[in-house]
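**Q** Sharing a structure here in structure tokens format.
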Amino acid sequence: MKLYVLLMVALVGTVFCEDEITEEENVLVLTKDNFEGALAKHNHILVEFYAPWCGHCKALAPEYASAAGTLKEQGSEIKLGKVDATIHTELATKFGVQGYPTIKFFKGGKPVEYGGGRTANDIVSWLVKKTGPPAKSLETSDDVKKFIEEREVAVVGFFGDVESAEAKAYTSAADGIDDVEFGIVSNADIAKENEVEGNAIVLFKKFDEGRAAFSGDFESEAIASFVNANKMPLVMEFTDESAPKIFGGDIKVHILLFIKKSAENFKEVLGFFSDVAKDFKGKMLYVYIDVDVDDNSRVSEFFGLTKDDVPTVRIINMTEQDMAKFKPDFETISAETLRQFAQDFVDGKLKPHRMSEDLPEDWDKEPVKVLVGKNFQDVALDKTKNVFVEFYAPWCGHCKQLAPIWDKLAEKFKDDDSIVIAKMDSTKNEIDQVRVDSFPTLKYFPKDSDEVTALVWILGLKL
């Protein structure tokens, strides 16, 4: 999961000669002085903007270096580079770096966002697709064997005529998928060796059933759907490495299993989960989250869950603007209850679940009133008052900075019955009326009005 942080202000700088580019583990060390020279010298270069203290950057480093080494061994002209964004802040600002690591691919000097995974194989595969033909021509049996063996996922199209409409639909689909490599074969003997007859498409993978054969019409969209449905495991564990694939994939409906891998019934419950995943392949992405992993605590918090609530499941629909979440009405997890939960979602029978804490007895005791889901409408949407609400997260540093200002603002207007200053913990409370994308979010609900105004000038108030 990508964590967003503020850029640190560099206190010192290092001067380099404009043409000097050193390497660390086959990765180019880029600076503000040699960056443009590197882009001019290398037509294809992947650049990581990192912070030395960033845990995600540290985890990526060995995979990034391994990818650079693999490309070098292959004689590829593609280069990998890195920029310490805490020192070379001008570069970070120029390319819109807001969190670490940020990875951009420069082709002919023009940047595009990197959309691949965080393993060496993922990085190499993505770069090969970005710089080569949509589908690699495989001329011999050894070519096919090597192509399949060297990749976690490989798609091979077998066609009698590579200029046929079917083959062109295949290459069109391949051109639109960056994270999987495609090969194409036009030799009938090689096709036979791979248990294929006629025009066919086979996805080979080092997980689940090992291979999947395409059975639809030879149209670009259908082929792409087939690949996207089969390129990932039926069930994935949520980790820093898998997060880009999970969130960046084409399947935007996810069913999440929150569980402790240390639990005695882990294998049993995961077995139920995996069985049901087969029935909804291509419709939902099945992901399990180990709640004992500290880095996963934010995911649990986003769903209002604690370790005492697991094992449990949730569905999230990321095609909705507010990422609608759905909660089951059962406590005992079995194949039957999981299957029914998923089917009810597909059939449109489930209503989004909105979290709400219980209303505290002293919610209006202090100048800053406490809002939860259960009293939001009565207080914030009261048309007889002007209501100013801070939507916050307890862990948010900016929210903590705002707290004394918010208290001071409430104190200033505590004797004015027409004004309400309030706050809501948005990690535990959700409402239909306001979409919260970041913290703190400030909204003003004017008296006698249906308008809602987002305000950001509160920090400039003279109180």
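Starting from 1 in every chain, residues are counted up; chains themselves are A, B, ... following the order of the structure tokens, and ligands are numbered from 1 as listed.
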Which polymer residues have any atom within 12 Å of an atom of Ala61 in chain A, counting only C-alpha atoms, with same-chain residues fewer than 5 positions away left out, as an mmCIF file with N, CA, C and O atoms, in the first residue's frame?

**A**
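Output file result_22.cif follows:
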```cif
data_model
loop_
_atom_site.group_PDB
_atom_site.id
_atom_site.type_symbol
_atom_site.label_atom_id
_atom_site.label_comp_id
_atom_site.auth_asym_id
_atom_site.auth_seq_id
_atom_site.Cartn_x
_atom_site.Cartn_y
_atom_site.Cartn_z
ATOM 1 N N GLU A 24 24.955 2.041 -8.406
ATOM 2 C CA GLU A 24 24.936 1.226 -7.195
ATOM 3 C C GLU A 24 24.096 -0.009 -7.495
ATOM 4 O O GLU A 24 22.892 0.111 -7.766
ATOM 5 N N GLU A 25 24.718 -1.170 -7.496
ATOM 6 C CA GLU A 25 24.034 -2.428 -7.811
ATOM 7 C C GLU A 25 23.266 -2.342 -9.122
ATOM 8 O O GLU A 25 22.112 -2.724 -9.223
ATOM 9 N N ASN A 26 23.957 -1.790 -10.141
ATOM 10 C CA ASN A 26 23.432 -1.673 -11.504
ATOM 11 C C ASN A 26 22.328 -0.619 -11.644
ATOM 12 O O ASN A 26 21.723 -0.501 -12.704
ATOM 13 N N VAL A 27 22.071 0.148 -10.602
ATOM 14 C CA VAL A 27 21.069 1.212 -10.640
ATOM 15 C C VAL A 27 21.783 2.559 -10.743
ATOM 16 O O VAL A 27 22.688 2.850 -9.949
ATOM 17 N N GLU A 48 13.147 5.715 -9.768
ATOM 18 C CA GLU A 48 12.501 5.663 -8.453
ATOM 19 C C GLU A 48 12.893 6.904 -7.654
ATOM 20 O O GLU A 48 14.084 7.174 -7.457
ATOM 21 N N PHE A 49 11.896 7.645 -7.202
ATOM 22 C CA PHE A 49 12.126 8.763 -6.282
ATOM 23 C C PHE A 49 11.882 8.214 -4.874
ATOM 24 O O PHE A 49 10.774 7.771 -4.564
ATOM 25 N N TYR A 50 12.910 8.252 -4.040
ATOM 26 C CA TYR A 50 12.837 7.586 -2.739
ATOM 27 C C TYR A 50 13.300 8.480 -1.604
ATOM 28 O O TYR A 50 13.867 9.556 -1.819
ATOM 29 N N ALA A 51 13.023 8.021 -0.392
ATOM 30 C CA ALA A 51 13.554 8.650 0.819
ATOM 31 C C ALA A 51 14.328 7.577 1.581
ATOM 32 O O ALA A 51 13.831 6.459 1.737
ATOM 33 N N PRO A 52 15.523 7.880 2.042
ATOM 34 C CA PRO A 52 16.348 6.861 2.716
ATOM 35 C C PRO A 52 15.680 6.236 3.939
ATOM 36 O O PRO A 52 15.940 5.079 4.264
ATOM 37 N N CYS A 54 12.414 5.708 4.305
ATOM 38 C CA CYS A 54 11.120 5.101 3.955
ATOM 39 C C CYS A 54 11.194 3.573 3.971
ATOM 40 O O CYS A 54 12.000 2.971 3.244
ATOM 41 N N GLY A 55 10.350 2.947 4.782
ATOM 42 C CA GLY A 55 10.338 1.489 4.888
ATOM 43 C C GLY A 55 9.972 0.809 3.581
ATOM 44 O O GLY A 55 10.538 -0.238 3.229
ATOM 45 N N HIS A 56 9.025 1.382 2.845
ATOM 46 C CA HIS A 56 8.610 0.792 1.567
ATOM 47 C C HIS A 56 9.741 0.878 0.545
ATOM 48 O O HIS A 56 9.919 -0.033 -0.277
ATOM 49 N N SER A 66 17.768 -6.083 -8.342
ATOM 50 C CA SER A 66 17.727 -7.359 -9.048
ATOM 51 C C SER A 66 17.183 -7.178 -10.460
ATOM 52 O O SER A 66 17.689 -7.773 -11.419
ATOM 53 N N ALA A 67 16.152 -6.354 -10.598
ATOM 54 C CA ALA A 67 15.591 -6.075 -11.924
ATOM 55 C C ALA A 67 16.628 -5.408 -12.818
ATOM 56 O O ALA A 67 16.771 -5.754 -14.003
ATOM 57 N N ALA A 68 17.367 -4.449 -12.248
ATOM 58 C CA ALA A 68 18.417 -3.764 -13.020
ATOM 59 C C ALA A 68 19.477 -4.757 -13.471
ATOM 60 O O ALA A 68 19.958 -4.702 -14.613
ATOM 61 N N LEU A 80 17.620 1.417 -15.101
ATOM 62 C CA LEU A 80 16.913 1.778 -13.876
ATOM 63 C C LEU A 80 17.746 2.809 -13.133
ATOM 64 O O LEU A 80 18.974 2.668 -13.023
ATOM 65 N N GLY A 81 17.077 3.835 -12.643
ATOM 66 C CA GLY A 81 17.762 4.875 -11.893
ATOM 67 C C GLY A 81 17.017 5.205 -10.617
ATOM 68 O O GLY A 81 15.869 4.785 -10.422
ATOM 69 N N LYS A 82 17.670 5.931 -9.732
ATOM 70 C CA LYS A 82 17.029 6.337 -8.477
ATOM 71 C C LYS A 82 17.461 7.740 -8.105
ATOM 72 O O LYS A 82 18.581 8.170 -8.390
ATOM 73 N N PRO A 101 7.782 5.062 -2.230
ATOM 74 C CA PRO A 101 8.493 5.472 -3.440
ATOM 75 C C PRO A 101 7.523 5.886 -4.535
ATOM 76 O O PRO A 101 6.439 5.341 -4.637
ATOM 77 N N ARG A 118 5.959 -4.798 -7.510
ATOM 78 C CA ARG A 118 7.160 -4.404 -6.768
ATOM 79 C C ARG A 118 8.205 -5.522 -6.684
ATOM 80 O O ARG A 118 9.159 -5.413 -5.928
ATOM 81 N N THR A 119 8.031 -6.602 -7.435
ATOM 82 C CA THR A 119 9.056 -7.638 -7.467
ATOM 83 C C THR A 119 9.929 -7.437 -8.699
ATOM 84 O O THR A 119 9.526 -6.766 -9.661
ATOM 85 N N ALA A 120 11.115 -8.052 -8.687
ATOM 86 C CA ALA A 120 12.029 -7.909 -9.824
ATOM 87 C C ALA A 120 11.378 -8.404 -11.105
ATOM 88 O O ALA A 120 11.471 -7.758 -12.160
#
```

**Q** For range 386-388 of chain A, work out the shell of residues within 6 Å, counting only C-alpha atoms and skipping chain neighbours fewer than 2 positions away, then give it as an mmCIF file with all heavy atoms, in the first residue's frame.

**A**
```cif
data_model
loop_
_atom_site.group_PDB
_atom_site.id
_atom_site.type_symbol
_atom_site.label_atom_id
_atom_site.label_comp_id
_atom_site.auth_asym_id
_atom_site.auth_seq_id
_atom_site.Cartn_x
_atom_site.Cartn_y
_atom_site.Cartn_z
ATOM 1 N N ALA A 380 -25.495 18.258 12.028
ATOM 2 C CA ALA A 380 -24.842 18.953 10.918
ATOM 3 C C ALA A 380 -25.833 19.496 9.898
ATOM 4 O O ALA A 380 -25.580 20.534 9.273
ATOM 5 C CB ALA A 380 -23.849 18.021 10.233
ATOM 6 N N SER A 418 -26.289 30.054 17.186
ATOM 7 C CA SER A 418 -26.501 29.822 15.753
ATOM 8 C C SER A 418 -25.313 29.132 15.090
ATOM 9 O O SER A 418 -25.365 28.785 13.909
ATOM 10 C CB SER A 418 -26.776 31.139 15.029
ATOM 11 O OG SER A 418 -25.611 31.968 15.036
ATOM 12 N N ILE A 419 -24.222 28.943 15.848
ATOM 13 C CA ILE A 419 -23.003 28.353 15.280
ATOM 14 C C ILE A 419 -22.609 27.105 16.061
ATOM 15 O O ILE A 419 -22.576 27.103 17.296
ATOM 16 C CB ILE A 419 -21.835 29.370 15.297
ATOM 17 C CG1 ILE A 419 -22.163 30.558 14.385
ATOM 18 C CG2 ILE A 419 -20.536 28.709 14.852
ATOM 19 C CD1 ILE A 419 -21.112 31.639 14.396
ATOM 20 N N VAL A 420 -22.291 26.045 15.329
ATOM 21 C CA VAL A 420 -21.831 24.792 15.937
ATOM 22 C C VAL A 420 -20.485 24.416 15.317
ATOM 23 O O VAL A 420 -20.347 24.355 14.095
ATOM 24 C CB VAL A 420 -22.833 23.635 15.699
ATOM 25 C CG1 VAL A 420 -22.279 22.323 16.244
ATOM 26 C CG2 VAL A 420 -24.176 23.960 16.323
ATOM 27 N N ILE A 421 -19.512 24.199 16.170
ATOM 28 C CA ILE A 421 -18.203 23.709 15.732
ATOM 29 C C ILE A 421 -18.138 22.241 16.179
ATOM 30 O O ILE A 421 -18.304 21.934 17.358
ATOM 31 C CB ILE A 421 -17.042 24.500 16.355
ATOM 32 C CG1 ILE A 421 -17.240 26.006 16.117
ATOM 33 C CG2 ILE A 421 -15.710 24.023 15.793
ATOM 34 C CD1 ILE A 421 -17.272 26.403 14.657
ATOM 35 N N LYS A 443 -15.786 20.806 6.344
ATOM 36 C CA LYS A 443 -17.014 21.116 5.617
ATOM 37 C C LYS A 443 -17.875 22.083 6.422
ATOM 38 O O LYS A 443 -18.029 21.929 7.646
ATOM 39 C CB LYS A 443 -17.822 19.841 5.350
ATOM 40 C CG LYS A 443 -17.102 18.798 4.494
ATOM 41 C CD LYS A 443 -17.057 19.177 3.031
ATOM 42 C CE LYS A 443 -16.457 18.051 2.199
ATOM 43 N NZ LYS A 443 -16.432 18.391 0.764
ATOM 44 N N TYR A 444 -18.446 23.040 5.714
ATOM 45 C CA TYR A 444 -19.310 24.047 6.340
ATOM 46 C C TYR A 444 -20.741 23.864 5.822
ATOM 47 O O TYR A 444 -20.980 23.841 4.613
ATOM 48 C CB TYR A 444 -18.796 25.447 6.002
ATOM 49 C CG TYR A 444 -19.632 26.570 6.563
ATOM 50 C CD1 TYR A 444 -19.804 26.706 7.944
ATOM 51 C CD2 TYR A 444 -20.222 27.503 5.723
ATOM 52 C CE1 TYR A 444 -20.565 27.743 8.465
ATOM 53 C CE2 TYR A 444 -20.987 28.550 6.232
ATOM 54 C CZ TYR A 444 -21.154 28.661 7.609
ATOM 55 O OH TYR A 444 -21.906 29.681 8.115
ATOM 56 N N PHE A 445 -21.676 23.703 6.745
ATOM 57 C CA PHE A 445 -23.086 23.518 6.420
ATOM 58 C C PHE A 445 -23.840 24.792 6.825
ATOM 59 O O PHE A 445 -24.175 24.995 8.003
ATOM 60 C CB PHE A 445 -23.648 22.303 7.174
ATOM 61 C CG PHE A 445 -22.927 21.017 6.868
ATOM 62 C CD1 PHE A 445 -21.746 20.681 7.533
ATOM 63 C CD2 PHE A 445 -23.414 20.138 5.912
ATOM 64 C CE1 PHE A 445 -21.073 19.500 7.250
ATOM 65 C CE2 PHE A 445 -22.757 18.951 5.630
ATOM 66 C CZ PHE A 445 -21.573 18.632 6.294
ATOM 67 N N PRO A 446 -24.120 25.702 5.867
ATOM 68 C CA PRO A 446 -24.737 26.991 6.204
ATOM 69 C C PRO A 446 -26.194 26.850 6.656
ATOM 70 O O PRO A 446 -26.913 25.941 6.230
ATOM 71 C CB PRO A 446 -24.650 27.773 4.883
ATOM 72 C CG PRO A 446 -23.705 27.017 4.026
ATOM 73 C CD PRO A 446 -23.801 25.595 4.446
ATOM 74 N N LYS A 447 -26.592 27.767 7.464
ATOM 75 C CA LYS A 447 -27.980 27.874 7.931
ATOM 76 C C LYS A 447 -28.910 28.121 6.740
ATOM 77 O O LYS A 447 -28.562 28.842 5.808
ATOM 78 C CB LYS A 447 -28.056 29.027 8.934
ATOM 79 C CG LYS A 447 -29.427 29.324 9.505
ATOM 80 C CD LYS A 447 -29.316 30.503 10.464
ATOM 81 C CE LYS A 447 -30.670 30.887 11.047
ATOM 82 N NZ LYS A 447 -30.577 32.044 11.973
#
```

**Q** Using only C-alpha atoms, which of A:Leu350, A:Ile431, A:Leu371, A:Ala173 sits nearest Phe326 in chain A?

**A**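 Looking at the shortest contact to Phe326 in chain A, the residue is A:Leu350.
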
**Q** Between CA of Lys245 in chain A and CA of Met232 in chain A, what is the distance in Å, rounded to a tenth?

**A** 8.4 Å

**Q** Give the strand (DSSP E or B) residues of range 214-302 of chain A, as assigned by DSSP on the backbone, as a ChimeraX atom specification.

**A** /A:235-237,253-259,285-290

**Q** List as an MDAnalysis selection string the protein and nucleic acid residues near range 330-345 of chain A, meaning an atom at most 8 Å away when only C-alpha atoms are counted, but skip any in the same chain fewer than 6 places from it.

**A** chainID A and resid 255 269 272:273 275:276 280 311:312

**Q** Using all heavy atoms, can you write the selected residues to a file as a JSON list (two decimals), in the first residue's frame?

**A**
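Okay, selection_29.json is ready:
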```
[["chain", "number", "residue", "atom", "x", "y", "z"],
["A", 255, "ILE", "N", -13.41, -8.92, -2.34],
["A", 255, "ILE", "CA", -13.93, -9.49, -1.10],
["A", 255, "ILE", "C", -12.72, -9.79, -0.22],
["A", 255, "ILE", "O", -11.78, -10.46, -0.64],
["A", 255, "ILE", "CB", -14.81, -10.74, -1.35],
["A", 255, "ILE", "CG1", -15.36, -11.26, -0.02],
["A", 255, "ILE", "CG2", -14.07, -11.80, -2.13],
["A", 255, "ILE", "CD1", -16.52, -12.23, -0.18],
["A", 269, "VAL", "N", -10.49, -21.92, 7.20],
["A", 269, "VAL", "CA", -11.23, -20.76, 6.72],
["A", 269, "VAL", "C", -10.72, -20.33, 5.34],
["A", 269, "VAL", "O", -11.51, -20.01, 4.44],
["A", 269, "VAL", "CB", -11.13, -19.59, 7.72],
["A", 269, "VAL", "CG1", -11.78, -18.33, 7.14],
["A", 269, "VAL", "CG2", -11.80, -19.97, 9.04],
["A", 272, "PHE", "N", -12.25, -22.50, 2.72],
["A", 272, "PHE", "CA", -13.61, -22.08, 2.35],
["A", 272, "PHE", "C", -13.55, -20.91, 1.36],
["A", 272, "PHE", "O", -14.24, -20.88, 0.34],
["A", 272, "PHE", "CB", -14.40, -21.64, 3.58],
["A", 272, "PHE", "CG", -14.65, -22.72, 4.59],
["A", 272, "PHE", "CD1", -14.74, -22.42, 5.95],
["A", 272, "PHE", "CD2", -14.80, -24.04, 4.20],
["A", 272, "PHE", "CE1", -14.98, -23.40, 6.89],
["A", 272, "PHE", "CE2", -15.04, -25.03, 5.14],
["A", 272, "PHE", "CZ", -15.14, -24.71, 6.49],
["A", 273, "PHE", "N", -12.70, -19.95, 1.71],
["A", 273, "PHE", "CA", -12.54, -18.73, 0.92],
["A", 273, "PHE", "C", -12.09, -19.06, -0.51],
["A", 273, "PHE", "O", -12.62, -18.53, -1.49],
["A", 273, "PHE", "CB", -11.53, -17.84, 1.63],
["A", 273, "PHE", "CG", -11.53, -16.39, 1.22],
["A", 273, "PHE", "CD1", -12.65, -15.60, 1.43],
["A", 273, "PHE", "CD2", -10.39, -15.80, 0.68],
["A", 273, "PHE", "CE1", -12.65, -14.25, 1.08],
["A", 273, "PHE", "CE2", -10.38, -14.46, 0.34],
["A", 273, "PHE", "CZ", -11.51, -13.69, 0.54],
["A", 275, "ASP", "N", -12.36, -21.97, -2.12],
["A", 275, "ASP", "CA", -13.39, -22.74, -2.85],
["A", 275, "ASP", "C", -14.40, -21.80, -3.51],
["A", 275, "ASP", "O", -14.79, -21.99, -4.66],
["A", 275, "ASP", "CB", -14.11, -23.70, -1.90],
["A", 275, "ASP", "CG", -13.26, -24.90, -1.53],
["A", 275, "ASP", "OD1", -12.25, -25.15, -2.24],
["A", 275, "ASP", "OD2", -13.59, -25.58, -0.55],
["A", 276, "VAL", "N", -14.84, -20.81, -2.75],
["A", 276, "VAL", "CA", -15.86, -19.89, -3.26],
["A", 276, "VAL", "C", -15.27, -18.98, -4.34],
["A", 276, "VAL", "O", -15.96, -18.59, -5.29],
["A", 276, "VAL", "CB", -16.46, -19.05, -2.12],
["A", 276, "VAL", "CG1", -17.46, -18.03, -2.65],
["A", 276, "VAL", "CG2", -17.13, -19.97, -1.10],
["A", 280, "PHE", "N", -16.54, -17.15, -8.53],
["A", 280, "PHE", "CA", -16.69, -15.73, -8.87],
["A", 280, "PHE", "C", -15.45, -15.17, -9.56],
["A", 280, "PHE", "O", -15.18, -13.98, -9.52],
["A", 280, "PHE", "CB", -17.01, -14.94, -7.61],
["A", 280, "PHE", "CG", -18.32, -15.32, -6.99],
["A", 280, "PHE", "CD1", -18.40, -16.33, -6.04],
["A", 280, "PHE", "CD2", -19.50, -14.70, -7.39],
["A", 280, "PHE", "CE1", -19.61, -16.71, -5.48],
["A", 280, "PHE", "CE2", -20.72, -15.08, -6.85],
["A", 280, "PHE", "CZ", -20.78, -16.08, -5.89],
["A", 311, "PRO", "N", -12.09, -13.89, 12.69],
["A", 311, "PRO", "CA", -12.13, -13.70, 11.24],
["A", 311, "PRO", "C", -13.47, -13.14, 10.79],
["A", 311, "PRO", "O", -14.52, -13.48, 11.33],
["A", 311, "PRO", "CB", -11.93, -15.12, 10.70],
["A", 311, "PRO", "CG", -12.52, -16.01, 11.75],
["A", 311, "PRO", "CD", -12.20, -15.33, 13.06],
["A", 312, "THR", "N", -13.41, -12.30, 9.78],
["A", 312, "THR", "CA", -14.63, -11.74, 9.19],
["A", 312, "THR", "C", -14.34, -11.34, 7.75],
["A", 312, "THR", "O", -13.17, -11.31, 7.33],
["A", 312, "THR", "CB", -15.15, -10.54, 9.99],
["A", 312, "THR", "OG1", -16.44, -10.17, 9.53],
["A", 312, "THR", "CG2", -14.20, -9.35, 9.87]]
```

**Q** Considering only C-alpha atoms, state which residue in the set A:Ser356, A:Asn34, A:Ser262, A:Gln401 is at the smallest distance from Lys374 in chain A.

**A** A:Ser356

**Q** Using CA of Ser449 in chain A and CA of Ala403 in chain A as the two end points, give the distance in Å to one decimal.

**A**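 Atom-to-atom, CA of Ser449 in chain A and CA of Ala403 in chain A are spaced 27.2 Å apart.
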
**Q** Report as a PyMOL selection string all protein, DNA and RNA residues lying within 12 Å of range 294-304 of chain A, evaluated on only C-alpha atoms, omitting residues in the same chain fewer than 2 positions from it.

**A** chain A and resi 1-3+55-56+237-240+243+256-260+288-292+306-316+323-327+353-357+393-396+425-430+436-437

**Q** Considering only C-alpha atoms, return as JSON, numbers by chain whatever protein or nucleic-acid residues lie within 9 Å of Ala277 in chain A, sequence-local ones (same chain, fewer than 5 positions apart) excluded.

**A** {"A": [234, 235, 272, 284, 285, 286, 339]}

**Q** With N, CA, C and O atoms retained, export the selected residues as a PDB file, in the first residue's frame.

**A**
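Once everything was written out, this is again21.pdb:
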```pdb
ATOM      1  N   LEU A 234      -6.231 -17.040  -7.560  1.00  0.00           N
ATOM      2  CA  LEU A 234      -7.614 -16.989  -7.113  1.00  0.00           C
ATOM      3  C   LEU A 234      -7.733 -16.218  -5.813  1.00  0.00           C
ATOM      4  O   LEU A 234      -8.660 -15.443  -5.601  1.00  0.00           O
ATOM      5  N   VAL A 235      -6.784 -16.472  -4.908  1.00  0.00           N
ATOM      6  CA  VAL A 235      -6.758 -15.784  -3.619  1.00  0.00           C
ATOM      7  C   VAL A 235      -5.373 -15.185  -3.427  1.00  0.00           C
ATOM      8  O   VAL A 235      -4.364 -15.862  -3.611  1.00  0.00           O
ATOM      9  N   PHE A 272     -12.249 -22.504   2.722  1.00  0.00           N
ATOM     10  CA  PHE A 272     -13.606 -22.080   2.347  1.00  0.00           C
ATOM     11  C   PHE A 272     -13.545 -20.913   1.362  1.00  0.00           C
ATOM     12  O   PHE A 272     -14.244 -20.875   0.345  1.00  0.00           O
ATOM     13  N   MET A 284     -14.980 -10.958  -8.912  1.00  0.00           N
ATOM     14  CA  MET A 284     -14.463 -10.416  -7.650  1.00  0.00           C
ATOM     15  C   MET A 284     -13.028 -10.869  -7.450  1.00  0.00           C
ATOM     16  O   MET A 284     -12.649 -11.956  -7.876  1.00  0.00           O
ATOM     17  N   LEU A 285     -12.257 -10.028  -6.797  1.00  0.00           N
ATOM     18  CA  LEU A 285     -10.901 -10.392  -6.418  1.00  0.00           C
ATOM     19  C   LEU A 285     -10.932 -10.812  -4.950  1.00  0.00           C
ATOM     20  O   LEU A 285     -11.432 -10.073  -4.097  1.00  0.00           O
ATOM     21  N   TYR A 286     -10.424 -11.998  -4.672  1.00  0.00           N
ATOM     22  CA  TYR A 286     -10.431 -12.534  -3.310  1.00  0.00           C
ATOM     23  C   TYR A 286      -9.072 -12.294  -2.663  1.00  0.00           C
ATOM     24  O   TYR A 286      -8.038 -12.748  -3.169  1.00  0.00           O
ATOM     25  N   ARG A 339     -20.384 -17.978  -0.026  1.00  0.00           N
ATOM     26  CA  ARG A 339     -20.951 -18.026  -1.375  1.00  0.00           C
ATOM     27  C   ARG A 339     -22.232 -17.191  -1.463  1.00  0.00           C
ATOM     28  O   ARG A 339     -22.442 -16.447  -2.430  1.00  0.00           O
TER      29      ARG A 339
END
```

**Q** Rank nothing, just name the residue among A:Lys281, A:Gly271, A:Glu20, A:Asn375 nearest to Trp363 in chain A, using only C-alpha atoms.

**A**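 Nearest candidate to Trp363 in chain A out of A:Lys281, A:Gly271, A:Glu20, A:Asn375: A:Asn375.
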
**Q** Sort by chain and increasing residue number a table of all residues of range 212-300 of chain A within 12 Å of range 145-156 of chain A, each with its closest pair of atoms and their distance in Å to one decimal, counting only C-alpha atoms, and write it as CSV.

**A**
```
residue,atom,partner,partner_atom,distance
A:Ala212,CA,A:Val155,CA,9.4
A:Ala213,CA,A:Val155,CA,9.8
A:Phe214,CA,A:Val155,CA,10.2
A:Ile223,CA,A:Val155,CA,10.6
A:Ala224,CA,A:Val155,CA,10.9
A:Phe226,CA,A:Val155,CA,10.6
A:Val227,CA,A:Val155,CA,7.9
A:Asn228,CA,A:Val155,CA,11.1
A:Asn230,CA,A:Val153,CA,9.2
A:Lys231,CA,A:Val153,CA,6.4
A:Met232,CA,A:Val153,CA,8.4
A:Pro233,CA,A:Val153,CA,10.3
```

**Q** With all heavy atoms retained, export the selected residues as a short mmCIF file (atom, residue, chain, number, x, y, z; two decimals), in the first residue's frame.

**A**
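Okay, this is what ended up in part_34.cif:
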```cif
data_model
loop_
_atom_site.label_atom_id
_atom_site.label_comp_id
_atom_site.auth_asym_id
_atom_site.auth_seq_id
_atom_site.Cartn_x
_atom_site.Cartn_y
_atom_site.Cartn_z
N ALA A 212 -4.53 -21.85 -18.27
CA ALA A 212 -5.94 -21.60 -18.57
C ALA A 212 -6.06 -21.36 -20.06
O ALA A 212 -5.26 -20.63 -20.65
CB ALA A 212 -6.45 -20.39 -17.79
N ALA A 213 -7.04 -22.00 -20.68
CA ALA A 213 -7.25 -21.88 -22.12
C ALA A 213 -8.41 -20.94 -22.42
O ALA A 213 -9.46 -21.02 -21.79
CB ALA A 213 -7.51 -23.25 -22.73
N PHE A 214 -8.20 -20.06 -23.38
CA PHE A 214 -9.23 -19.12 -23.80
C PHE A 214 -10.30 -19.85 -24.60
O PHE A 214 -9.99 -20.65 -25.49
CB PHE A 214 -8.60 -18.01 -24.64
CG PHE A 214 -9.58 -17.02 -25.19
CD1 PHE A 214 -10.25 -16.15 -24.36
CD2 PHE A 214 -9.83 -16.97 -26.56
CE1 PHE A 214 -11.15 -15.23 -24.87
CE2 PHE A 214 -10.72 -16.05 -27.08
CZ PHE A 214 -11.39 -15.17 -26.24
N ILE A 223 -10.53 -11.21 -25.13
CA ILE A 223 -9.21 -11.76 -24.82
C ILE A 223 -8.61 -11.03 -23.61
O ILE A 223 -8.05 -11.66 -22.70
CB ILE A 223 -8.28 -11.64 -26.04
CG1 ILE A 223 -8.81 -12.51 -27.19
CG2 ILE A 223 -6.85 -12.04 -25.67
CD1 ILE A 223 -8.13 -12.25 -28.52
N ALA A 224 -8.74 -9.71 -23.58
CA ALA A 224 -8.21 -8.94 -22.46
C ALA A 224 -8.91 -9.32 -21.16
O ALA A 224 -8.26 -9.46 -20.11
CB ALA A 224 -8.38 -7.45 -22.73
N PHE A 226 -10.25 -12.19 -20.43
CA PHE A 226 -9.74 -13.52 -20.07
C PHE A 226 -8.39 -13.42 -19.36
O PHE A 226 -8.18 -14.03 -18.31
CB PHE A 226 -9.62 -14.38 -21.33
CG PHE A 226 -8.70 -15.55 -21.19
CD1 PHE A 226 -9.10 -16.69 -20.48
CD2 PHE A 226 -7.44 -15.53 -21.77
CE1 PHE A 226 -8.25 -17.78 -20.35
CE2 PHE A 226 -6.58 -16.62 -21.64
CZ PHE A 226 -6.98 -17.75 -20.93
N VAL A 227 -7.49 -12.63 -19.92
CA VAL A 227 -6.16 -12.49 -19.32
C VAL A 227 -6.25 -11.83 -17.95
O VAL A 227 -5.63 -12.29 -16.97
CB VAL A 227 -5.22 -11.69 -20.25
CG1 VAL A 227 -3.89 -11.41 -19.55
CG2 VAL A 227 -4.98 -12.46 -21.55
N ASN A 228 -7.01 -10.77 -17.84
CA ASN A 228 -7.13 -10.05 -16.57
C ASN A 228 -7.77 -10.91 -15.49
O ASN A 228 -7.46 -10.78 -14.30
CB ASN A 228 -7.93 -8.76 -16.76
CG ASN A 228 -7.14 -7.70 -17.50
OD1 ASN A 228 -5.93 -7.58 -17.34
ND2 ASN A 228 -7.82 -6.93 -18.34
N ASN A 230 -7.41 -14.14 -15.23
CA ASN A 230 -6.59 -15.31 -14.91
C ASN A 230 -5.14 -14.99 -14.53
O ASN A 230 -4.40 -15.89 -14.13
CB ASN A 230 -6.57 -16.28 -16.10
CG ASN A 230 -7.88 -17.02 -16.27
OD1 ASN A 230 -8.12 -18.03 -15.63
ND2 ASN A 230 -8.73 -16.51 -17.14
N LYS A 231 -4.75 -13.73 -14.64
CA LYS A 231 -3.34 -13.40 -14.43
C LYS A 231 -2.93 -13.35 -12.96
O LYS A 231 -1.74 -13.30 -12.65
CB LYS A 231 -3.01 -12.07 -15.11
CG LYS A 231 -3.67 -10.86 -14.46
CD LYS A 231 -3.37 -9.59 -15.23
CE LYS A 231 -4.02 -8.36 -14.60
NZ LYS A 231 -3.77 -7.13 -15.37
N MET A 232 -3.90 -13.31 -12.06
CA MET A 232 -3.59 -13.29 -10.63
C MET A 232 -4.15 -14.53 -9.96
O MET A 232 -5.12 -15.13 -10.45
CB MET A 232 -4.14 -12.02 -9.99
CG MET A 232 -3.44 -10.76 -10.46
SD MET A 232 -3.80 -9.30 -9.46
CE MET A 232 -5.49 -8.96 -9.91
N PRO A 233 -3.57 -14.92 -8.83
CA PRO A 233 -4.08 -16.10 -8.11
C PRO A 233 -5.54 -15.92 -7.72
O PRO A 233 -6.02 -14.80 -7.56
CB PRO A 233 -3.18 -16.17 -6.87
CG PRO A 233 -1.94 -15.44 -7.25
CD PRO A 233 -2.38 -14.35 -8.18
#
```
